[in-house]
Structures are given as structure tokens and as C-alpha cells.
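Enquirer: Below is work-v5.pdb; it holds PDB, C-alpha atoms and all ligand atoms.
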ATOM      1  CA  MET F   1      30.797 -23.162 -32.915
ATOM      2  CA  TRP F   2      29.946 -20.798 -30.039
ATOM      3  CA  GLU F   3      26.349 -20.290 -31.249
ATOM      4  CA  GLY F   4      25.639 -23.979 -31.025
ATOM      5  CA  CYS F   5      23.218 -26.000 -28.972
ATOM      6  CA  SER F   6      25.223 -25.613 -25.745
ATOM      7  CA  SER F   7      24.879 -21.815 -25.879
ATOM      8  CA  LYS F   8      21.076 -22.092 -26.041
ATOM      9  CA  LYS F   9      21.137 -24.430 -23.078
ATOM     10  CA  MET F  10      23.384 -21.964 -21.292
ATOM     11  CA  ARG F  11      20.976 -19.124 -21.997
ATOM     12  CA  SER F  12      17.972 -20.990 -20.603
ATOM     13  CA  LEU F  13      20.046 -21.975 -17.581
ATOM     14  CA  VAL F  14      20.803 -18.296 -16.985
ATOM     15  CA  TRP F  15      17.085 -17.484 -17.197
ATOM     16  CA  ILE F  16      16.287 -20.189 -14.667
ATOM     17  CA  MET F  17      18.945 -18.783 -12.334
ATOM     18  CA  VAL F  18      17.560 -15.260 -12.768
ATOM     19  CA  ALA F  19      14.083 -16.552 -11.981
ATOM     20  CA  LEU F  20      15.306 -18.363  -8.865
ATOM     21  CA  LEU F  21      17.209 -15.273  -7.718
ATOM     22  CA  TRP F  22      14.130 -13.112  -8.259
ATOM     23  CA  LEU F  23      11.996 -15.527  -6.235
ATOM     24  CA  GLY F  24      14.632 -15.597  -3.520
ATOM     25  CA  CYS F  25      14.720 -11.825  -3.312
ATOM     26  CA  HIS F  26      10.962 -11.459  -3.332
ATOM     27  CA  PRO F  27       9.609 -13.971  -0.831
ATOM     28  CA  SER F  28       5.876 -13.641  -0.425
ATOM     29  CA  HIS F  29       4.816 -12.312   2.951
ATOM     30  CA  PRO F  30       1.262 -11.233   2.164
ATOM     31  CA  ASN F  31       0.254 -10.404   5.727
ATOM     32  CA  GLN F  32       3.574  -9.490   7.264
ATOM     33  CA  GLN F  33       2.398  -6.052   8.361
ATOM     34  CA  THR F  34      -0.734  -7.304  10.101
ATOM     35  CA  THR F  35       0.758 -10.418  11.719
ATOM     36  CA  GLU F  36       3.737  -8.706  13.310
ATOM     37  CA  ILE F  37       3.091  -8.818  17.041
ATOM     38  CA  ALA F  38       5.047  -7.069  19.726
ATOM     39  CA  VAL F  39       5.739  -8.810  23.012
ATOM     40  CA  ASP F  40       5.650  -7.228  26.448
ATOM     41  CA  THR F  41       5.687  -8.529  29.987
ATOM     42  CA  VAL F  42       3.639  -7.815  33.110
ATOM     43  CA  TYR F  43       5.101  -9.204  36.320
ATOM     44  CA  ILE F  44       2.900 -10.224  39.240
ATOM     45  CA  ARG F  45       4.821  -9.486  42.395
ATOM     46  CA  GLY F  46       3.849  -8.381  45.911
ATOM     47  CA  LEU F  47       0.120  -8.598  45.090
ATOM     48  CA  LYS F  48       0.584  -6.132  42.240
ATOM     49  CA  PHE F  49       0.690  -6.133  38.468
ATOM     50  CA  ILE F  50       3.944  -4.463  37.403
ATOM     51  CA  PRO F  51       3.546  -2.218  35.519
ATOM     52  CA  ASP F  52      -0.060  -1.665  36.572
ATOM     53  CA  THR F  53      -0.622   0.256  33.335
ATOM     54  CA  LEU F  54       0.926  -1.132  30.158
ATOM     55  CA  PHE F  55       0.825   1.019  27.030
ATOM     56  CA  ILE F  56       0.642  -0.816  23.720
ATOM     57  CA  SER F  57       0.703   0.446  20.155
ATOM     58  CA  GLY F  58      -0.644  -2.263  17.914
ATOM     59  CA  PRO F  59      -1.275  -5.940  18.613
ATOM     60  CA  THR F  60       0.871  -7.031  21.534
ATOM     61  CA  ARG F  61       1.329 -10.398  23.181
ATOM     62  CA  VAL F  62       1.413  -9.634  26.878
ATOM     63  CA  VAL F  63       3.114 -12.291  28.974
ATOM     64  CA  PHE F  64       2.037 -12.389  32.620
ATOM     65  CA  VAL F  65       4.643 -13.869  34.933
ATOM     66  CA  ASN F  66       3.649 -14.820  38.469
ATOM     67  CA  GLN F  67       6.696 -14.088  40.597
ATOM     68  CA  ASP F  68       4.707 -14.293  43.841
ATOM     69  CA  ILE F  69       4.581 -17.343  46.071
ATOM     70  CA  VAL F  70       0.763 -17.336  45.984
ATOM     71  CA  VAL F  71      -1.723 -18.165  43.234
ATOM     72  CA  HIS F  72      -3.051 -15.346  41.046
ATOM     73  CA  ASN F  73      -5.071 -14.988  37.893
ATOM     74  CA  VAL F  74      -5.660 -12.354  35.241
ATOM     75  CA  THR F  75      -9.352 -11.706  34.582
ATOM     76  CA  GLN F  76     -11.027  -8.936  32.599
ATOM     77  CA  LEU F  77     -13.238  -6.793  34.841
ATOM     78  CA  ASP F  78     -16.393  -7.992  33.020
ATOM     79  CA  SER F  79     -15.023 -11.571  32.935
ATOM     80  CA  ALA F  80     -14.982 -11.582  29.112
ATOM     81  CA  TRP F  81     -11.707 -13.516  29.354
ATOM     82  CA  ALA F  82      -9.637 -14.959  32.148
ATOM     83  CA  SER F  83      -6.393 -16.791  32.630
ATOM     84  CA  PRO F  84      -6.289 -20.051  34.530
ATOM     85  CA  ASN F  85      -4.976 -19.779  38.071
ATOM     86  CA  LEU F  86      -1.264 -19.120  37.855
ATOM     87  CA  LEU F  87       0.878 -20.875  40.411
ATOM     88  CA  ALA F  88       4.171 -19.414  41.572
ATOM     89  CA  GLY F  89       6.456 -19.226  38.566
ATOM     90  CA  ASP F  90       3.693 -19.796  36.016
ATOM     91  CA  THR F  91       3.344 -17.648  32.919
ATOM     92  CA  TRP F  92       0.328 -16.974  30.734
ATOM     93  CA  SER F  93      -0.015 -14.783  27.698
ATOM     94  CA  LYS F  94      -2.742 -13.137  25.687
ATOM     95  CA  ILE F  95      -2.697 -10.917  22.603
ATOM     96  CA  PHE F  96      -4.181  -7.459  23.174
ATOM     97  CA  ASP F  97      -5.074  -5.022  20.426
ATOM     98  CA  ARG F  98      -7.183  -2.651  22.497
ATOM     99  CA  SER F  99      -7.423  -1.235  25.981
ATOM    100  CA  ALA F 100      -8.487  -3.555  28.773
ATOM    101  CA  ASN F 101      -9.039  -3.444  32.516
ATOM    102  CA  TYR F 102      -8.285  -6.594  34.442
ATOM    103  CA  PHE F 103      -7.912  -7.817  38.002
ATOM    104  CA  CYS F 104      -7.194 -10.928  40.035
ATOM    105  CA  THR F 105     -10.401 -12.610  41.238
ATOM    106  CA  LEU F 106      -8.519 -14.064  44.219
ATOM    107  CA  HIS F 107      -7.274 -10.621  45.314
ATOM    108  CA  PRO F 108      -9.794  -8.123  43.894
ATOM    109  CA  THR F 109      -7.690  -5.129  44.928
ATOM    110  CA  MET F 110      -5.082  -6.230  42.372
ATOM    111  CA  LYS F 111      -5.893  -4.277  39.225
ATOM    112  CA  GLY F 112      -4.102  -3.746  35.949
ATOM    113  CA  PHE F 113      -4.717  -1.769  32.794
ATOM    114  CA  ILE F 114      -3.776  -2.147  29.144
ATOM    115  CA  ARG F 115      -3.905   1.130  27.273
ATOM    116  CA  SER F 116      -3.859   1.121  23.492
ATOM    117  CA  GLN F 117      -2.197   4.205  22.061
ATOM    118  CA  GLN F 118      -3.587   3.661  18.561
TER     119      GLN F 118
HETATM  120 CU    CU F 201      -4.099 -12.623  43.038
END
Could you write out this structure as C-alpha cells?
Expert:
Amino acid sequence: MWEGCSSKKMRSLVWIMVALLWLGCHPSHPNQQTTEIAVDTVYIRGLKFIPDTLFISGPTRVVFVNQDIVVHNVTQLDSAWASPNLLAGDTWSKIFDRSANYFCTLHPTMKGFIRSQQ
């Protein structure tokens, strides 16, 4: 009586398990390659961006950390984008995928550069 109804049920159960395993092993990440973003940090200290030149390869979230006791901001040279004013201890981040030149409008001698190596 091995070839009875219970064996058929068993076989379909096995197929369901195989299907679930296959789905589990092949999760769909359609845009994984393009959405992977590196993270890097630029410190603002002593009226300087450190490092003043940050090299990126691919989309990178750059976190600016104001470690000074005075207010700073991060503004593209042509003002295409700008951070809010960052108080002491504040952080602000932006995703870069190309080179950029930026400065602090409150201290125009403070300059920083993002250089894309792609
Ligand atoms: Cu400043």
C-alpha cells in the first residue's frame, strides 16, 4: 500500500518544499548592483574639510560631520546644492556620483573636493 494516496500527497509536499527552497535561494534583488551605495565621511575641523579631497568610485553617501565649535555649511561652488547650517556636532549627508567642488559660505576659504574615479 506504499503507492497509495498518502504517497501522492507526499510527492506534492516535496515539490512545494523544493519550490520554497528555490525561492529562498533566489531572492529577487533586481537593482542590487545599482542601489549599492558606499559611505564615506568628511570631517569639518579647524576650519577645514578633512580630507579636503575625497576620492569616490561609484555612488557614495558622504557624511559631513561638524566637529568644530562654530557653524559651517557645505555648499557647491555654483550653489546647485547646499546643506543647512551645521551646528557643532551636527551631521549632514548627500549622495555623490560625480566630482564636485564645494565650500562653506560662512568661511569662503574653506574648500573641499569630491573626485569621481569612474
Ligand atoms: Cu564654515
Enquirer: Return as a list in words the residues of protein, DNA or RNA that approach ligand CU 201 (chain F) to within 7 Å, with only C-alpha atoms and all ligand atoms taken into account.
Expert: Leu47, Val71, His72, Asn73, Cys104, Thr105, Leu106, His107 and Met110 of chain F
Enquirer: Considering all atoms listed in the file, return as a ChimeraX atom specification whatever protein or nucleic-acid residues lie within 7 Å of Ile37 (chain F), sequence-local ones (same chain, fewer than 2 positions apart) excluded.
Expert: /F:35,39,59-61
Enquirer: Considering all atoms listed in the file, can you say which of F:Thr91, F:Thr41, F:Gln76, F:Asn85 comes closest to Phe103 (chain F)?
Expert: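 The answer is F:Gln76, which sits nearest to Phe103 (chain F).
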Enquirer: Which one is closest to Phe64 (chain F): F:Phe49, F:Trp92, F:Trp81, F:Trp15? Count only C-alpha atoms.
Expert: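 Closest candidate: F:Trp92.
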Enquirer: Take the PyMOL selection byres (((chain F and resi 100) around 6) and not hetatm), run it mentally on this structure, and tell me the resulting residues as a count of residues only.
Expert: 4
Enquirer: What residues come out when you apply the PyMOL selection byres (((chain F and resi 43) around 12) and not hetatm) to this file, written as a short mmCIF file (atom, residue, chain, number, x, y, z; two decimals) with C-alpha atoms, keeping the file's coordinate frame?
Expert:
data_model
loop_
_atom_site.label_atom_id
_atom_site.label_comp_id
_atom_site.auth_asym_id
_atom_site.auth_seq_id
_atom_site.Cartn_x
_atom_site.Cartn_y
_atom_site.Cartn_z
CA ASP F 40 5.65 -7.23 26.45
CA THR F 41 5.69 -8.53 29.99
CA VAL F 42 3.64 -7.82 33.11
CA ILE F 44 2.90 -10.22 39.24
CA ARG F 45 4.82 -9.49 42.40
CA GLY F 46 3.85 -8.38 45.91
CA LEU F 47 0.12 -8.60 45.09
CA LYS F 48 0.58 -6.13 42.24
CA PHE F 49 0.69 -6.13 38.47
CA ILE F 50 3.94 -4.46 37.40
CA PRO F 51 3.55 -2.22 35.52
CA ASP F 52 -0.06 -1.66 36.57
CA THR F 53 -0.62 0.26 33.34
CA LEU F 54 0.93 -1.13 30.16
CA VAL F 62 1.41 -9.63 26.88
CA VAL F 63 3.11 -12.29 28.97
CA PHE F 64 2.04 -12.39 32.62
CA VAL F 65 4.64 -13.87 34.93
CA ASN F 66 3.65 -14.82 38.47
CA GLN F 67 6.70 -14.09 40.60
CA ASP F 68 4.71 -14.29 43.84
CA HIS F 72 -3.05 -15.35 41.05
CA ASN F 73 -5.07 -14.99 37.89
CA VAL F 74 -5.66 -12.35 35.24
CA LEU F 86 -1.26 -19.12 37.85
CA ALA F 88 4.17 -19.41 41.57
CA GLY F 89 6.46 -19.23 38.57
CA ASP F 90 3.69 -19.80 36.02
CA THR F 91 3.34 -17.65 32.92
CA TRP F 92 0.33 -16.97 30.73
CA SER F 93 -0.02 -14.78 27.70
CA GLY F 112 -4.10 -3.75 35.95
#
Enquirer: Mind pulling up the distance from CA of Ser116 (chain F) to CA of Asp78 (chain F)?
Expert: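 It comes out at 18.2 Å.
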Enquirer: Could you give me, as a PDB file with C-alpha atoms, keeping the file's coordinate frame, the residues that have an atom at most 8 Å away from the point (-0.8, 4.0, 20.3) in the coordinates of the file, using all atoms listed in the file?
Expert:
ATOM      1  CA  PHE F  55       0.825   1.019  27.030  1.00  0.00           C
ATOM      2  CA  ILE F  56       0.642  -0.816  23.720  1.00  0.00           C
ATOM      3  CA  SER F  57       0.703   0.446  20.155  1.00  0.00           C
ATOM      4  CA  GLY F  58      -0.644  -2.263  17.914  1.00  0.00           C
ATOM      5  CA  SER F 116      -3.859   1.121  23.492  1.00  0.00           C
ATOM      6  CA  GLN F 117      -2.197   4.205  22.061  1.00  0.00           C
ATOM      7  CA  GLN F 118      -3.587   3.661  18.561  1.00  0.00           C
TER       8      GLN F 118
END
Enquirer: Have a look at CA of Lys111 (chain F) and CA of Asp97 (chain F) and let me know their distance in Å, one decimal.
Expert: 18.8 Å
